[in-house]
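Remarks on the structure that follows.
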Amino acid sequence: MSGGLPATIDPIQLAERAAHLTGTLPLAGMARLKEACIGGEGGVEIDLRFDRSTDAQVYEAHGVIQAALRVTCQRCLEPMMLTLTVRPQWLYVRAGEGRETPIDEAAELMEADRPVALSELVEDELLLAMPMIPMHRLEECPARRYSATGNKERRNPFADLKGRKPGTG
Ligand SMILES: [Zn+2]
C-alpha cells in the first residue's frame with residue numbers, strides 16, 4: 001500500500017487478510033507529540049504487519065515506527081534532531097471474547113471493540129519511547145565545548161611554585 005493510510009483501522013480485519021501498512025503519517029496529526037517538538041512539520045514512517053498469531057483467538061500487529069523529530073536539547077538549549085525507532089507488538093482479541101489461555105505477559109492484550117485511530121496508536125508508542133530529557137550526544141553537544149575549554153584552562157595553583165627553584169630569587 002503506498003500513500004493513503006487509513007485514518008482508522010480494524011486490527012482484526014487487517015490481521016485476517018494479513019495486511020501490511022506502510023507509509024508516512026503527518027506529525028501535524030499528533031497533537032501531543034507535536035507539542036514536544038519544535039514546529040510541526042515532518043512525518044512518522046510506519047511499516048506494520050497484521051497477522052493471526054499461533055493462538056487462534058489472538059491477532060497481532062508488529063513492525064517498525066520511525067520518526068525524526070526536531071526537539072530542544074536540554075543541555076545547550078539548541079535545536080537537535082531526535083531519531084526514534086520503535087518496534088511495537090500489539091495483540092488483539094475480539095471484543096467480548098473471554099480468554100482462558102494464559103498469554104505472554106510482556107505483550108499487552110487489547111480488546112478490539114471499535115476502530116482504532118492509526119495515528120493515535122503510533123503516537124502513543126512514540127511518546128513512550130521519547131526520552132524525558134532529550135539531549136545531544138555528549139560529543140555533539142555545543143554546551144560540552146564550553147565546559148571542556150573551561151577545564152583545560154583551569155590552572156594548577158601549584159604550577160608556578162613547582163617551577164621555582166629554592167634558594168634563588
Ligand atoms: Zn546540546
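Residue numbers start at 1 in each chain; chains themselves are named A, B, ... in the order of the C-alpha cells; ligands are numbered from 1 in the order shown.
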
Name the residues in contact with segment 78-92 of chain A at a cut-off of 9 Å, using only C-alpha atoms, excluding same-chain residues fewer than 3 positions from it; report them as a PDB file with N, CA and C atoms, in the first residue's frame.
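Written out: part.pdb:
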```pdb
ATOM      1  N   PRO A  11      -7.961  -3.708  13.604  1.00  0.00           N
ATOM      2  CA  PRO A  11      -6.799  -4.605  13.641  1.00  0.00           C
ATOM      3  C   PRO A  11      -7.135  -6.051  13.300  1.00  0.00           C
ATOM      4  N   ILE A  12      -8.312  -6.499  13.719  1.00  0.00           N
ATOM      5  CA  ILE A  12      -8.664  -7.901  13.480  1.00  0.00           C
ATOM      6  C   ILE A  12      -8.950  -8.154  12.005  1.00  0.00           C
ATOM      7  N   ILE A  38       9.777  21.043  18.084  1.00  0.00           N
ATOM      8  CA  ILE A  38       9.857  22.399  17.557  1.00  0.00           C
ATOM      9  C   ILE A  38       9.231  22.353  16.170  1.00  0.00           C
ATOM     10  N   LEU A  48       3.969  -1.645   9.245  1.00  0.00           N
ATOM     11  CA  LEU A  48       3.287  -2.530  10.199  1.00  0.00           C
ATOM     12  C   LEU A  48       2.639  -3.710   9.494  1.00  0.00           C
ATOM     13  N   SER A  53      -2.078 -14.778  15.116  1.00  0.00           N
ATOM     14  CA  SER A  53      -0.984 -15.356  15.883  1.00  0.00           C
ATOM     15  C   SER A  53      -1.180 -16.871  15.933  1.00  0.00           C
ATOM     16  N   GLN A  57      -7.271 -17.279  18.771  1.00  0.00           N
ATOM     17  CA  GLN A  57      -8.125 -16.180  19.237  1.00  0.00           C
ATOM     18  C   GLN A  57      -7.410 -14.836  19.269  1.00  0.00           C
ATOM     19  N   VAL A  58      -6.105 -14.893  19.098  1.00  0.00           N
ATOM     20  CA  VAL A  58      -5.328 -13.669  19.233  1.00  0.00           C
ATOM     21  C   VAL A  58      -4.793 -13.219  17.874  1.00  0.00           C
ATOM     22  N   TYR A  59      -4.935 -11.929  17.629  1.00  0.00           N
ATOM     23  CA  TYR A  59      -4.453 -11.334  16.390  1.00  0.00           C
ATOM     24  C   TYR A  59      -3.310 -10.405  16.758  1.00  0.00           C
ATOM     25  N   GLU A  60      -2.333 -10.326  15.880  1.00  0.00           N
ATOM     26  CA  GLU A  60      -1.215  -9.465  16.267  1.00  0.00           C
ATOM     27  C   GLU A  60      -0.827  -8.483  15.174  1.00  0.00           C
ATOM     28  N   ALA A  61      -0.196  -7.408  15.642  1.00  0.00           N
ATOM     29  CA  ALA A  61       0.338  -6.408  14.732  1.00  0.00           C
ATOM     30  C   ALA A  61       1.737  -6.078  15.235  1.00  0.00           C
ATOM     31  N   HIS A  62       2.659  -5.976  14.311  1.00  0.00           N
ATOM     32  CA  HIS A  62       4.025  -5.642  14.713  1.00  0.00           C
ATOM     33  C   HIS A  62       4.716  -4.976  13.538  1.00  0.00           C
ATOM     34  N   GLY A  63       5.852  -4.383  13.814  1.00  0.00           N
ATOM     35  CA  GLY A  63       6.576  -3.711  12.741  1.00  0.00           C
ATOM     36  C   GLY A  63       7.479  -2.631  13.289  1.00  0.00           C
ATOM     37  N   VAL A  64       7.668  -1.599  12.493  1.00  0.00           N
ATOM     38  CA  VAL A  64       8.597  -0.537  12.857  1.00  0.00           C
ATOM     39  C   VAL A  64       7.921   0.828  12.696  1.00  0.00           C
ATOM     40  N   ILE A  65       8.173   1.687  13.670  1.00  0.00           N
ATOM     41  CA  ILE A  65       7.724   3.079  13.602  1.00  0.00           C
ATOM     42  C   ILE A  65       8.979   3.924  13.724  1.00  0.00           C
ATOM     43  N   GLN A  66       9.163   4.860  12.811  1.00  0.00           N
ATOM     44  CA  GLN A  66      10.367   5.691  12.851  1.00  0.00           C
ATOM     45  C   GLN A  66      10.003   7.157  12.691  1.00  0.00           C
ATOM     46  N   ALA A  67      10.616   7.977  13.525  1.00  0.00           N
ATOM     47  CA  ALA A  67      10.359   9.407  13.430  1.00  0.00           C
ATOM     48  C   ALA A  67      11.641  10.181  13.676  1.00  0.00           C
ATOM     49  N   ALA A  68      11.852  11.225  12.899  1.00  0.00           N
ATOM     50  CA  ALA A  68      12.956  12.146  13.152  1.00  0.00           C
ATOM     51  C   ALA A  68      12.316  13.443  13.611  1.00  0.00           C
ATOM     52  N   LEU A  69      12.501  13.747  14.876  1.00  0.00           N
ATOM     53  CA  LEU A  69      11.797  14.879  15.483  1.00  0.00           C
ATOM     54  C   LEU A  69      12.779  15.993  15.832  1.00  0.00           C
ATOM     55  N   ARG A  70      12.339  17.207  15.622  1.00  0.00           N
ATOM     56  CA  ARG A  70      13.146  18.359  15.986  1.00  0.00           C
ATOM     57  C   ARG A  70      12.742  18.788  17.389  1.00  0.00           C
ATOM     58  N   VAL A  71      13.675  18.652  18.318  1.00  0.00           N
ATOM     59  CA  VAL A  71      13.382  18.986  19.718  1.00  0.00           C
ATOM     60  C   VAL A  71      14.480  19.913  20.241  1.00  0.00           C
ATOM     61  N   THR A  72      14.330  20.362  21.483  1.00  0.00           N
ATOM     62  CA  THR A  72      15.337  21.225  22.085  1.00  0.00           C
ATOM     63  C   THR A  72      16.231  20.401  22.997  1.00  0.00           C
ATOM     64  N   CYS A  73      17.537  20.511  22.793  1.00  0.00           N
ATOM     65  CA  CYS A  73      18.487  19.833  23.663  1.00  0.00           C
ATOM     66  C   CYS A  73      18.420  20.510  25.025  1.00  0.00           C
ATOM     67  N   GLN A  74      18.241  19.713  26.074  1.00  0.00           N
ATOM     68  CA  GLN A  74      18.077  20.294  27.410  1.00  0.00           C
ATOM     69  C   GLN A  74      19.413  20.635  28.065  1.00  0.00           C
ATOM     70  N   ARG A  75      20.506  20.347  27.390  1.00  0.00           N
ATOM     71  CA  ARG A  75      21.806  20.722  27.935  1.00  0.00           C
ATOM     72  C   ARG A  75      22.237  22.083  27.395  1.00  0.00           C
ATOM     73  N   ALA A  95     -13.704  -8.302  20.701  1.00  0.00           N
ATOM     74  CA  ALA A  95     -14.421  -7.769  21.859  1.00  0.00           C
ATOM     75  C   ALA A  95     -15.372  -8.814  22.402  1.00  0.00           C
ATOM     76  N   ALA A 107       3.608  -8.810  26.480  1.00  0.00           N
ATOM     77  CA  ALA A 107       2.837  -8.071  25.487  1.00  0.00           C
ATOM     78  C   ALA A 107       1.467  -7.714  26.042  1.00  0.00           C
ATOM     79  N   GLU A 108       0.976  -6.593  25.622  1.00  0.00           N
ATOM     80  CA  GLU A 108      -0.309  -6.128  26.106  1.00  0.00           C
ATOM     81  C   GLU A 108      -1.418  -6.661  25.202  1.00  0.00           C
ATOM     82  N   LEU A 109      -2.431  -7.186  25.802  1.00  0.00           N
ATOM     83  CA  LEU A 109      -3.544  -7.726  25.046  1.00  0.00           C
ATOM     84  C   LEU A 109      -4.688  -6.716  25.062  1.00  0.00           C
ATOM     85  N   MET A 110      -5.117  -6.318  23.876  1.00  0.00           N
ATOM     86  CA  MET A 110      -6.165  -5.306  23.815  1.00  0.00           C
ATOM     87  C   MET A 110      -7.419  -5.881  23.184  1.00  0.00           C
ATOM     88  N   GLU A 111      -8.543  -5.368  23.628  1.00  0.00           N
ATOM     89  CA  GLU A 111      -9.810  -5.781  23.023  1.00  0.00           C
ATOM     90  C   GLU A 111     -10.096  -4.857  21.855  1.00  0.00           C
ATOM     91  N   ALA A 112     -10.307  -5.452  20.692  1.00  0.00           N
ATOM     92  CA  ALA A 112     -10.625  -4.637  19.525  1.00  0.00           C
ATOM     93  C   ALA A 112     -12.131  -4.452  19.469  1.00  0.00           C
ATOM     94  N   VAL A 122       0.108   5.050  16.930  1.00  0.00           N
ATOM     95  CA  VAL A 122       1.517   5.295  16.624  1.00  0.00           C
ATOM     96  C   VAL A 122       2.082   6.370  17.556  1.00  0.00           C
ATOM     97  N   GLU A 125       2.983   5.082  21.033  1.00  0.00           N
ATOM     98  CA  GLU A 125       4.250   4.339  21.073  1.00  0.00           C
ATOM     99  C   GLU A 125       5.441   5.296  21.072  1.00  0.00           C
ATOM    100  N   LEU A 126       5.349   6.352  20.277  1.00  0.00           N
ATOM    101  CA  LEU A 126       6.452   7.311  20.197  1.00  0.00           C
ATOM    102  C   LEU A 126       6.603   8.099  21.496  1.00  0.00           C
ATOM    103  N   ALA A 129       8.455   6.134  23.922  1.00  0.00           N
ATOM    104  CA  ALA A 129       9.870   5.971  23.590  1.00  0.00           C
ATOM    105  C   ALA A 129      10.657   7.276  23.724  1.00  0.00           C
ATOM    106  N   MET A 130       9.934   8.363  23.852  1.00  0.00           N
ATOM    107  CA  MET A 130      10.556   9.675  23.907  1.00  0.00           C
ATOM    108  C   MET A 130      11.325   9.851  25.220  1.00  0.00           C
ATOM    109  N   PRO A 134      15.489  15.170  26.427  1.00  0.00           N
ATOM    110  CA  PRO A 134      16.274  14.954  25.205  1.00  0.00           C
ATOM    111  C   PRO A 134      17.545  15.795  25.210  1.00  0.00           C
ATOM    112  N   MET A 135      18.638  15.180  24.824  1.00  0.00           N
ATOM    113  CA  MET A 135      19.919  15.886  24.762  1.00  0.00           C
ATOM    114  C   MET A 135      20.723  15.380  23.582  1.00  0.00           C
ATOM    115  N   HIS A 136      21.556  16.257  23.021  1.00  0.00           N
ATOM    116  CA  HIS A 136      22.551  15.847  22.044  1.00  0.00           C
ATOM    117  C   HIS A 136      23.405  14.744  22.664  1.00  0.00           C
ATOM    118  N   CYS A 141      27.263  17.892  21.527  1.00  0.00           N
ATOM    119  CA  CYS A 141      26.537  18.988  22.161  1.00  0.00           C
ATOM    120  C   CYS A 141      27.416  20.232  22.252  1.00  0.00           C
ATOM    121  N   PRO A 142      26.937  21.359  21.709  1.00  0.00           N
ATOM    122  CA  PRO A 142      27.732  22.594  21.805  1.00  0.00           C
ATOM    123  C   PRO A 142      28.072  22.976  23.246  1.00  0.00           C
TER     124      PRO A 142
END
```

Please give the complete set of residues from segment 62-145 of chain A that DSSP, run on the backbone, assigns to alpha helix (DSSP H), formatted as number ranges by chain. A: 118-129, 142-145

Selected residues, N, CA and C atoms, written as a short mmCIF file (atom, residue, chain, number, x, y, z; two decimals), in the first residue's frame, please.
```cif
data_model
loop_
_atom_site.label_atom_id
_atom_site.label_comp_id
_atom_site.auth_asym_id
_atom_site.auth_seq_id
_atom_site.Cartn_x
_atom_site.Cartn_y
_atom_site.Cartn_z
N LEU A 118 -5.31 5.20 13.78
CA LEU A 118 -3.95 4.75 13.49
C LEU A 118 -2.90 5.72 14.03
N SER A 119 -3.10 7.02 13.81
CA SER A 119 -2.06 7.94 14.24
C SER A 119 -1.98 8.04 15.77
N GLU A 120 -3.11 7.79 16.45
CA GLU A 120 -3.09 7.80 17.91
C GLU A 120 -2.29 6.61 18.46
N LEU A 121 -2.49 5.49 17.82
CA LEU A 121 -1.78 4.26 18.19
C LEU A 121 -0.27 4.46 18.04
N VAL A 122 0.11 5.05 16.93
CA VAL A 122 1.52 5.29 16.62
C VAL A 122 2.08 6.37 17.56
N GLU A 123 1.30 7.40 17.78
CA GLU A 123 1.72 8.50 18.66
C GLU A 123 1.99 7.99 20.07
N ASP A 124 1.12 7.14 20.58
CA ASP A 124 1.30 6.57 21.92
C ASP A 124 2.64 5.86 22.05
N GLU A 125 2.98 5.08 21.03
CA GLU A 125 4.25 4.34 21.07
C GLU A 125 5.44 5.30 21.07
N LEU A 126 5.35 6.35 20.28
CA LEU A 126 6.45 7.31 20.20
C LEU A 126 6.60 8.10 21.50
N LEU A 127 5.47 8.44 22.10
CA LEU A 127 5.53 9.18 23.37
C LEU A 127 6.19 8.33 24.45
N LEU A 128 5.92 7.04 24.43
CA LEU A 128 6.54 6.14 25.40
C LEU A 128 8.05 6.04 25.18
N ALA A 129 8.45 6.13 23.92
CA ALA A 129 9.87 5.97 23.59
C ALA A 129 10.66 7.28 23.72
N PRO A 142 26.94 21.36 21.71
CA PRO A 142 27.73 22.59 21.81
C PRO A 142 28.07 22.98 23.25
N ALA A 143 27.23 22.64 24.20
CA ALA A 143 27.47 23.00 25.60
C ALA A 143 28.75 22.35 26.12
N ARG A 144 29.08 21.18 25.56
CA ARG A 144 30.26 20.47 26.02
C ARG A 144 31.53 21.28 25.71
N ARG A 145 31.49 21.96 24.54
CA ARG A 145 32.66 22.73 24.12
C ARG A 145 33.04 23.77 25.18
#
```

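Summary of the local environment: counting only C-alpha atoms, residues at most 9 Å from Leu14 of chain A, other than itself and those fewer than 6 positions away along its chain, are His20, Arg49, Phe50, Asp51 and Ala61 of chain A.
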
Let me see the file: selected residues, N, CA, C and O atoms, as a PDB file, in the first residue's frame.
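Printed below is part_24.pdb as written:
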```pdb
ATOM      1  N   HIS A  20      -0.479  -5.377   5.280  1.00  0.00           N
ATOM      2  CA  HIS A  20       0.812  -4.735   5.505  1.00  0.00           C
ATOM      3  C   HIS A  20       0.596  -3.243   5.246  1.00  0.00           C
ATOM      4  O   HIS A  20       0.260  -2.846   4.145  1.00  0.00           O
ATOM      5  N   ARG A  49       2.802  -4.873  10.094  1.00  0.00           N
ATOM      6  CA  ARG A  49       2.180  -6.087   9.554  1.00  0.00           C
ATOM      7  C   ARG A  49       1.157  -6.624  10.545  1.00  0.00           C
ATOM      8  O   ARG A  49       1.392  -6.620  11.746  1.00  0.00           O
ATOM      9  N   PHE A  50       0.067  -7.044  10.004  1.00  0.00           N
ATOM     10  CA  PHE A  50      -1.008  -7.606  10.822  1.00  0.00           C
ATOM     11  C   PHE A  50      -1.141  -9.082  10.491  1.00  0.00           C
ATOM     12  O   PHE A  50      -1.178  -9.461   9.327  1.00  0.00           O
ATOM     13  N   ASP A  51      -1.216  -9.896  11.538  1.00  0.00           N
ATOM     14  CA  ASP A  51      -1.249 -11.343  11.339  1.00  0.00           C
ATOM     15  C   ASP A  51      -2.115 -12.008  12.385  1.00  0.00           C
ATOM     16  O   ASP A  51      -2.301 -11.476  13.466  1.00  0.00           O
ATOM     17  N   ALA A  61      -0.196  -7.408  15.642  1.00  0.00           N
ATOM     18  CA  ALA A  61       0.338  -6.408  14.732  1.00  0.00           C
ATOM     19  C   ALA A  61       1.737  -6.078  15.235  1.00  0.00           C
ATOM     20  O   ALA A  61       1.959  -5.988  16.440  1.00  0.00           O
TER      21      ALA A  61
END
```

Point-to-point distance in Å for atom CA of Arg94 of chain A and atom CA of Glu16 of chain A: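 Here the two named atoms are 11.9 Å from each other.
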
Pick the closest to ligand 1 from A:Ile133, A:Cys76, A:Val116, A:Ala56: which is it, counting only C-alpha atoms and all ligand atoms?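 The shortest atom-to-atom distance to ligand 1 comes from A:Cys76.
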
Atom CA of Pro115 of chain A to atom CA of Gly23 of chain A measures 19.1 Å
